[in-house]
Each structure stands twice: as C-alpha cells, then as structure tokens.
Amino acid sequence: MPEGHTVHRLARTLTGLFAGEPLAVRSPQGRFDAGAALLDGATLVGAEAWGKQLFCRFDARGAEERWLRVHLGLYGAWTFAGDGSADVVHAIGAPRRRIGERETAAPPRPPVSGAAVPGPGTGSGEWEVPEPRGAVRVRLLGEHAVADLTGPTACEVLTPAEKAAVEDRLGPDPIRPDGGRGSLQAARAAFVARVGRSRVTVGQQLMDQAVVAGVGNIYRAEVLFRAGVDPLLPGRDVPAEDLERIWDDLVVLMRDGAATGRIVTTRPEHRDDGGAPDARDGTASLGPDRRRTRQNTDDDPDAVPAHEAFYVYHRDGLPCRVCGTPVLLKELAGRNLFWCGACQS
DNA sequence: CCGTAATGGACAG
DNA sequence: TGTCCCTTACGGT
C-alpha cells in the first residue's frame, strides 16, 4: 500500500474535493450497499488520516455523525475524475494502478458507450461522470468530482465511539502534527519506550501499527538503513539514541512523502549509480519509468528516478550504495526485509 | 489464458 | 507461524 504518507495525501485530496458538500454514496460493486445507504446524501465534513487509516466524517442533518473508515491494504486505490476545478492527483493507492495517473496528462476521458450519467454541471466546467471501472466498492459523487475506491482491506461505517476504538489501537503517527500523542516529543517518547521494552526485532516492531502508525515495508527498510541499525536486533538492544534518530527521521521522510507523493530516502550523493537498472526485476530494457518499483508521483520532471530513490528496498543482490556490499533479503514475519549487512550492524 | 507479486492485516492455533 | 482475503497489471505460455 500505500504507506501512511499516501493516506494523509488522500485525506487532503478528499477534503479538498468534497468538504461541505452532500454526496451521493454508492457501491457499484454491491459489497458496500448497506454502508453506502447509511451515508448517501450526507455531507462530507472532512477527511483525516491516522497512519494507514483513512477516516471521512459525514454529517446528516439531525443524525449522529458517521465515519467512513477505509484501509487500502496492499492494493486498494482511489481514482478521481471531475471538472478540473480542484487540483488532484488522479489516482492514489496501489502502485500498479497507473491508468489514473496517465489520465492526469491525457485529455478528459470521453463518456463510455453513452451510458455515463451527465454531471450536474458547474457553469464553467462540464464533465461526464465516468462509468465505474473495475470492482468499485464505494463511489463518492459530488458536484465537481467523483472518487472511486477499489480493493480496500477495510471499508465500513463507524460511530464516533467505534472510530475512537480504532484509534486507541494505533501507535503515534509521525505525519500528524502532534504525532497523535499530543506533541511530537510525547509521540517520540512513546515510540522509544515501546520499542525498547520488547525483545521483538526492531525490524518487526516498525511494521507494527501499534508501535508506530503509517510505516510500511519501504519506510521500515529505508529508515533502518539510514540509521545504520540492524533490523534483526531485538528492540530492547537498540540504543535509545538510535530509536530517537529513527523516529526523527521518520518524521522527516514521511512528511516529505506526504508532501510530494513519493518516497525518496537517498541523499543526493548516493544517487548516482550510473543509471543502473533495477537488475532484479528483469526490466532493464524497459526504460526508467517502467521498472518494477514504481511510485505514485506527481508529474514532476525533476523527480528522482525511481531506481535511485531507495537505499535497500527491492535492491537485494545489488551493491549497497554506500559500501558496495550486496544488499540482503530475508523473509521476516511474512514480509520481505531488505538491508545491508555491513552498514547495519 | 494463467500465475504471480504488491508499499497490509485479521485470524486461527 | 500459517492461511486467507481484497484487486490489478504484468510477464510468460
């Protein structure tokens, strides 16, 4: 997925597109019919993120507020279309979903086989509401835009109490202004204390959303490399100063990711690998934008090429950017862990 | 056409 | 630790 930075971006996008508007809520796929009925016609007050959890607040006149909770899981994604009155990235979520991103540069998609419902129209921008594409769990339709959700791990309507219960199980979030613990200092202290009192490896704990919310496999691998910490070290054996540096680095890296839509962890001096392709994925001949590791990027020509964005993630077998030792790969708790055995020891 | 990977997580035992 | 779920796009046949 979509690590935490993506979800924070999504919250901002949804708020920008829909906040203050009553929305038509549907489940074209049918699996969310009951939930959609609860929300249909309610006003989207705003969206927020905590780690990888997305919460959209709906107010229906006279009724108690409702929260739509969405978790994208490994391959959930939102795609957007609209009249262009709001500036949005057109697809956010699973990396394979590139169609939406191409639409960013492409002219507005023509209506599909005349079946599309005409949009309400806004005076300035006429637009056609596109047919749902694929298995759309939820469609949010407003005056100026439509948002389609596919493939989520979780999609449900919650009461305020139920939303609070979900949040209670989440660790501090480096992207939230107060870290989700009242202040960034308190959030860092909570993280350091929690990791430091467990024998579970620091590599596993970083993937535990109760320890720190929003970190996924990429940030896990990259932040440990940047800190020079061995992922297999038990948390209690990692010096507190290292854990503090890891937290502070997550704040920087993840907020940068939320701002740009990309994860880039390499420092400029470590990026020039001569344009070497990602040798592992056998896509060397496909060109720089078709490698296995792809990002949801804004169309920024100055963006760091994907194959130079990481130190170790998906680079097993390739020489470490810093010391040249081959990057290691090991399956840990069902997920691939990448690290440099020399730099991280 | 089919198998598989993918930045995740819940649940059983 | 293993199993299952969610969906898409890609490479290989």
# chains A, B, ... in the order shown; residues from 1 in each chain; ligands from 1
call {"tool": "select_by_dssp", "arguments": {"residues": "stretch 131-304 of chain A", "states": "strand (DSSP E)", "output": "ChimeraX atom specification"}}
result
/A:136-141,145-150,154-158
call {"tool": "write_last_selection", "arguments": {"atoms": "N, CA, C and O atoms", "output": "mmCIF file, in the first residue's frame"}}
result
data_model
loop_
_atom_site.group_PDB
_atom_site.id
_atom_site.type_symbol
_atom_site.label_atom_id
_atom_site.label_comp_id
_atom_site.auth_asym_id
_atom_site.auth_seq_id
_atom_site.Cartn_x
_atom_site.Cartn_y
_atom_site.Cartn_z
ATOM 1 N N VAL A 136 -15.613 -1.423 -8.066
ATOM 2 C CA VAL A 136 -15.630 -0.217 -7.247
ATOM 3 C C VAL A 136 -16.491 -0.441 -6.004
ATOM 4 O O VAL A 136 -17.707 -0.589 -6.096
ATOM 5 N N ARG A 137 -15.824 -0.470 -4.862
ATOM 6 C CA ARG A 137 -16.526 -0.706 -3.604
ATOM 7 C C ARG A 137 -17.372 0.493 -3.207
ATOM 8 O O ARG A 137 -18.504 0.349 -2.761
ATOM 9 N N VAL A 138 -16.786 1.672 -3.329
ATOM 10 C CA VAL A 138 -17.505 2.887 -2.965
ATOM 11 C C VAL A 138 -17.285 3.946 -4.028
ATOM 12 O O VAL A 138 -16.175 4.136 -4.519
ATOM 13 N N ARG A 139 -18.351 4.613 -4.360
ATOM 14 C CA ARG A 139 -18.248 5.794 -5.209
ATOM 15 C C ARG A 139 -18.805 6.982 -4.448
ATOM 16 O O ARG A 139 -19.932 6.922 -3.940
ATOM 17 N N LEU A 140 -18.003 8.029 -4.333
ATOM 18 C CA LEU A 140 -18.455 9.289 -3.747
ATOM 19 C C LEU A 140 -18.642 10.270 -4.897
ATOM 20 O O LEU A 140 -17.701 10.533 -5.641
ATOM 21 N N LEU A 141 -19.842 10.772 -5.019
ATOM 22 C CA LEU A 141 -20.116 11.686 -6.115
ATOM 23 C C LEU A 141 -20.573 13.034 -5.589
ATOM 24 O O LEU A 141 -21.587 13.128 -4.887
ATOM 25 N N ALA A 145 -16.758 16.522 -8.647
ATOM 26 C CA ALA A 145 -15.822 15.400 -8.765
ATOM 27 C C ALA A 145 -16.459 14.097 -8.308
ATOM 28 O O ALA A 145 -17.502 14.085 -7.650
ATOM 29 N N VAL A 146 -15.791 13.021 -8.690
ATOM 30 C CA VAL A 146 -16.194 11.693 -8.252
ATOM 31 C C VAL A 146 -14.940 10.956 -7.803
ATOM 32 O O VAL A 146 -13.866 11.151 -8.368
ATOM 33 N N ALA A 147 -15.090 10.151 -6.764
ATOM 34 C CA ALA A 147 -13.977 9.358 -6.251
ATOM 35 C C ALA A 147 -14.423 7.907 -6.139
ATOM 36 O O ALA A 147 -15.469 7.623 -5.559
ATOM 37 N N ASP A 148 -13.633 7.020 -6.710
ATOM 38 C CA ASP A 148 -13.941 5.589 -6.693
ATOM 39 C C ASP A 148 -12.889 4.830 -5.895
ATOM 40 O O ASP A 148 -11.692 5.016 -6.112
ATOM 41 N N LEU A 149 -13.362 3.959 -5.035
ATOM 42 C CA LEU A 149 -12.467 3.147 -4.213
ATOM 43 C C LEU A 149 -12.527 1.688 -4.662
ATOM 44 O O LEU A 149 -13.601 1.115 -4.754
ATOM 45 N N THR A 150 -11.374 1.099 -4.929
ATOM 46 C CA THR A 150 -11.313 -0.326 -5.267
ATOM 47 C C THR A 150 -10.356 -1.051 -4.315
ATOM 48 O O THR A 150 -9.378 -0.478 -3.853
ATOM 49 N N ALA A 154 -10.376 -2.737 4.286
ATOM 50 C CA ALA A 154 -11.463 -2.378 5.186
ATOM 51 C C ALA A 154 -12.221 -1.199 4.614
ATOM 52 O O ALA A 154 -11.637 -0.275 4.042
ATOM 53 N N CYS A 155 -13.524 -1.257 4.758
ATOM 54 C CA CYS A 155 -14.391 -0.164 4.336
ATOM 55 C C CYS A 155 -15.670 -0.304 5.123
ATOM 56 O O CYS A 155 -16.449 -1.230 4.883
ATOM 57 N N GLU A 156 -15.860 0.559 6.105
ATOM 58 C CA GLU A 156 -17.023 0.394 6.977
ATOM 59 C C GLU A 156 -17.437 1.734 7.564
ATOM 60 O O GLU A 156 -16.655 2.694 7.599
ATOM 61 N N VAL A 157 -18.686 1.774 8.026
ATOM 62 C CA VAL A 157 -19.229 2.981 8.635
ATOM 63 C C VAL A 157 -19.181 2.825 10.143
ATOM 64 O O VAL A 157 -19.634 1.815 10.685
ATOM 65 N N LEU A 158 -18.610 3.817 10.810
ATOM 66 C CA LEU A 158 -18.414 3.729 12.259
ATOM 67 C C LEU A 158 -19.102 4.876 12.983
ATOM 68 O O LEU A 158 -19.261 5.972 12.453
#
call {"tool": "closest_atom_pairs", "arguments": {"of": "chain A", "to": "chain B", "cutoff": "7 Å", "atoms": "only C-alpha atoms (C1' of nucleotides)", "output": "Markdown table"}}
result
| residue | atom | partner | partner_atom | distance |
| --- | --- | --- | --- | --- |
| A:Met1 | CA | B:DT7 | C1' | 4.2 |
| A:Pro2 | CA | B:DT7 | C1' | 5.3 |
| A:Glu3 | CA | B:DT7 | C1' | 5.7 |
| A:Gly73 | CA | B:DG8 | C1' | 4.4 |
| A:Leu74 | CA | B:DG8 | C1' | 4.9 |
| A:Tyr75 | CA | B:DA6 | C1' | 6.9 |
| A:Gly216 | CA | B:DT7 | C1' | 5.9 |
| A:Asn217 | CA | B:DT7 | C1' | 5.8 |
| A:Ile218 | CA | B:DT7 | C1' | 6.0 |
call {"tool": "residues_around", "arguments": {"residues": "stretch 4-13 of chain C", "least_positions_apart": "3", "cutoff": "8 Å", "atoms": "only C-alpha atoms (C1' of nucleotides)", "output": "PyMOL selection string"}}
result
chain A and resi 73+75-76+96-97+135+150-153
call {"tool": "closest_residue", "arguments": {"among": "A:Ile246, A:Cys320, A:Leu170, A:Ala165", "to": "A:Arg188", "atoms": "only C-alpha atoms"}}
result
A:Ile246
call {"tool": "residues_around", "arguments": {"residues": "A:Arg169", "least_positions_apart": "5", "cutoff": "10 Å", "atoms": "only C-alpha atoms (C1' of nucleotides)", "output": "list in words"}}
result
Ala164, Gln209, Ala210, Val211 and Ala213 of chain A
call {"tool": "write_last_selection", "arguments": {"atoms": "N, CA and C atoms", "output": "mmCIF file, in the first residue's frame"}}
result
data_model
loop_
_atom_site.group_PDB
_atom_site.id
_atom_site.type_symbol
_atom_site.label_atom_id
_atom_site.label_comp_id
_atom_site.auth_asym_id
_atom_site.auth_seq_id
_atom_site.Cartn_x
_atom_site.Cartn_y
_atom_site.Cartn_z
ATOM 1 N N ALA A 164 -13.029 5.966 17.702
ATOM 2 C CA ALA A 164 -12.074 6.161 18.795
ATOM 3 C C ALA A 164 -11.422 4.841 19.184
ATOM 4 N N GLN A 209 1.613 -1.546 13.668
ATOM 5 C CA GLN A 209 0.915 -0.263 13.666
ATOM 6 C C GLN A 209 0.589 0.238 15.069
ATOM 7 N N ALA A 210 0.720 -0.651 16.049
ATOM 8 C CA ALA A 210 0.529 -0.207 17.429
ATOM 9 C C ALA A 210 1.803 0.418 17.987
ATOM 10 N N VAL A 211 2.907 0.184 17.321
ATOM 11 C CA VAL A 211 4.187 0.759 17.751
ATOM 12 C C VAL A 211 4.385 2.120 17.096
ATOM 13 N N ALA A 213 2.429 4.225 13.682
ATOM 14 C CA ALA A 213 1.373 4.104 12.675
ATOM 15 C C ALA A 213 1.796 4.737 11.361
#
call {"tool": "atom_distance", "arguments": {"atom1": "atom CA of A:Ala47", "atom2": "atom CA of A:Val192"}}
result
29.0 Å
call {"tool": "residues_around", "arguments": {"residues": "stretch 221-224 of chain A", "least_positions_apart": "4", "cutoff": "9 Å", "atoms": "only C-alpha atoms (C1' of nucleotides)", "output": "list of chain:residue names"}}
result
A:Val202, A:Gly203, A:Gly216, A:Asn217, A:Gly228, A:Val229, A:Asp230, A:Pro231, A:Ile246, A:Trp247, A:Asp249, A:Leu250, A:Leu253, A:Thr265, A:Thr266, A:Phe310, A:Tyr311, A:Val312, A:Tyr313, A:Leu337, A:Phe338, A:Trp339, A:Gln344
call {"tool": "decode", "arguments": {"residues": "stretch 160-177 of chain A", "atoms": "N, CA and C atoms", "output": "PDB file, in the first residue's frame"}}
result
ATOM      1  N   PRO A 160     -18.790   7.514  16.280  1.00  0.00           N
ATOM      2  CA  PRO A 160     -17.623   8.178  16.876  1.00  0.00           C
ATOM      3  C   PRO A 160     -16.902   7.290  17.890  1.00  0.00           C
ATOM      4  N   ALA A 161     -17.668   6.541  18.669  1.00  0.00           N
ATOM      5  CA  ALA A 161     -17.039   5.672  19.669  1.00  0.00           C
ATOM      6  C   ALA A 161     -16.233   4.568  18.997  1.00  0.00           C
ATOM      7  N   GLU A 162     -16.780   4.047  17.915  1.00  0.00           N
ATOM      8  CA  GLU A 162     -16.061   2.975  17.214  1.00  0.00           C
ATOM      9  C   GLU A 162     -14.795   3.504  16.551  1.00  0.00           C
ATOM     10  N   LYS A 163     -14.880   4.713  16.039  1.00  0.00           N
ATOM     11  CA  LYS A 163     -13.683   5.329  15.456  1.00  0.00           C
ATOM     12  C   LYS A 163     -12.610   5.510  16.537  1.00  0.00           C
ATOM     13  N   ALA A 164     -13.029   5.966  17.702  1.00  0.00           N
ATOM     14  CA  ALA A 164     -12.074   6.161  18.795  1.00  0.00           C
ATOM     15  C   ALA A 164     -11.422   4.841  19.184  1.00  0.00           C
ATOM     16  N   ALA A 165     -12.203   3.762  19.122  1.00  0.00           N
ATOM     17  CA  ALA A 165     -11.658   2.452  19.487  1.00  0.00           C
ATOM     18  C   ALA A 165     -10.567   2.034  18.497  1.00  0.00           C
ATOM     19  N   VAL A 166     -10.781   2.331  17.232  1.00  0.00           N
ATOM     20  CA  VAL A 166      -9.749   2.020  16.226  1.00  0.00           C
ATOM     21  C   VAL A 166      -8.492   2.819  16.524  1.00  0.00           C
ATOM     22  N   GLU A 167      -8.667   4.095  16.803  1.00  0.00           N
ATOM     23  CA  GLU A 167      -7.507   4.953  17.038  1.00  0.00           C
ATOM     24  C   GLU A 167      -6.745   4.537  18.295  1.00  0.00           C
ATOM     25  N   ASP A 168      -7.495   4.008  19.264  1.00  0.00           N
ATOM     26  CA  ASP A 168      -6.841   3.585  20.511  1.00  0.00           C
ATOM     27  C   ASP A 168      -5.823   2.480  20.283  1.00  0.00           C
ATOM     28  N   ARG A 169      -6.004   1.753  19.193  1.00  0.00           N
ATOM     29  CA  ARG A 169      -5.087   0.641  18.937  1.00  0.00           C
ATOM     30  C   ARG A 169      -3.894   1.065  18.076  1.00  0.00           C
ATOM     31  N   LEU A 170      -3.843   2.329  17.714  1.00  0.00           N
ATOM     32  CA  LEU A 170      -2.764   2.791  16.829  1.00  0.00           C
ATOM     33  C   LEU A 170      -1.675   3.500  17.612  1.00  0.00           C
ATOM     34  N   GLY A 171      -0.451   3.272  17.176  1.00  0.00           N
ATOM     35  CA  GLY A 171       0.680   3.970  17.765  1.00  0.00           C
ATOM     36  C   GLY A 171       0.758   5.393  17.246  1.00  0.00           C
ATOM     37  N   PRO A 172       1.760   6.128  17.717  1.00  0.00           N
ATOM     38  CA  PRO A 172       1.945   7.501  17.262  1.00  0.00           C
ATOM     39  C   PRO A 172       2.214   7.557  15.758  1.00  0.00           C
ATOM     40  N   ASP A 173       1.757   8.623  15.130  1.00  0.00           N
ATOM     41  CA  ASP A 173       1.878   8.805  13.679  1.00  0.00           C
ATOM     42  C   ASP A 173       2.829   9.966  13.402  1.00  0.00           C
ATOM     43  N   PRO A 174       3.971   9.691  12.791  1.00  0.00           N
ATOM     44  CA  PRO A 174       4.971  10.748  12.565  1.00  0.00           C
ATOM     45  C   PRO A 174       4.474  11.875  11.664  1.00  0.00           C
ATOM     46  N   ILE A 175       3.410  11.635  10.915  1.00  0.00           N
ATOM     47  CA  ILE A 175       2.931  12.674   9.998  1.00  0.00           C
ATOM     48  C   ILE A 175       1.954  13.616  10.675  1.00  0.00           C
ATOM     49  N   ARG A 176       1.203  13.126  11.621  1.00  0.00           N
ATOM     50  CA  ARG A 176       0.271  14.026  12.318  1.00  0.00           C
ATOM     51  C   ARG A 176       1.048  15.108  13.053  1.00  0.00           C
ATOM     52  N   PRO A 177       0.536  16.300  13.032  1.00  0.00           N
ATOM     53  CA  PRO A 177       1.287  17.425  13.607  1.00  0.00           C
ATOM     54  C   PRO A 177       1.721  17.178  15.051  1.00  0.00           C
TER      55      PRO A 177
END
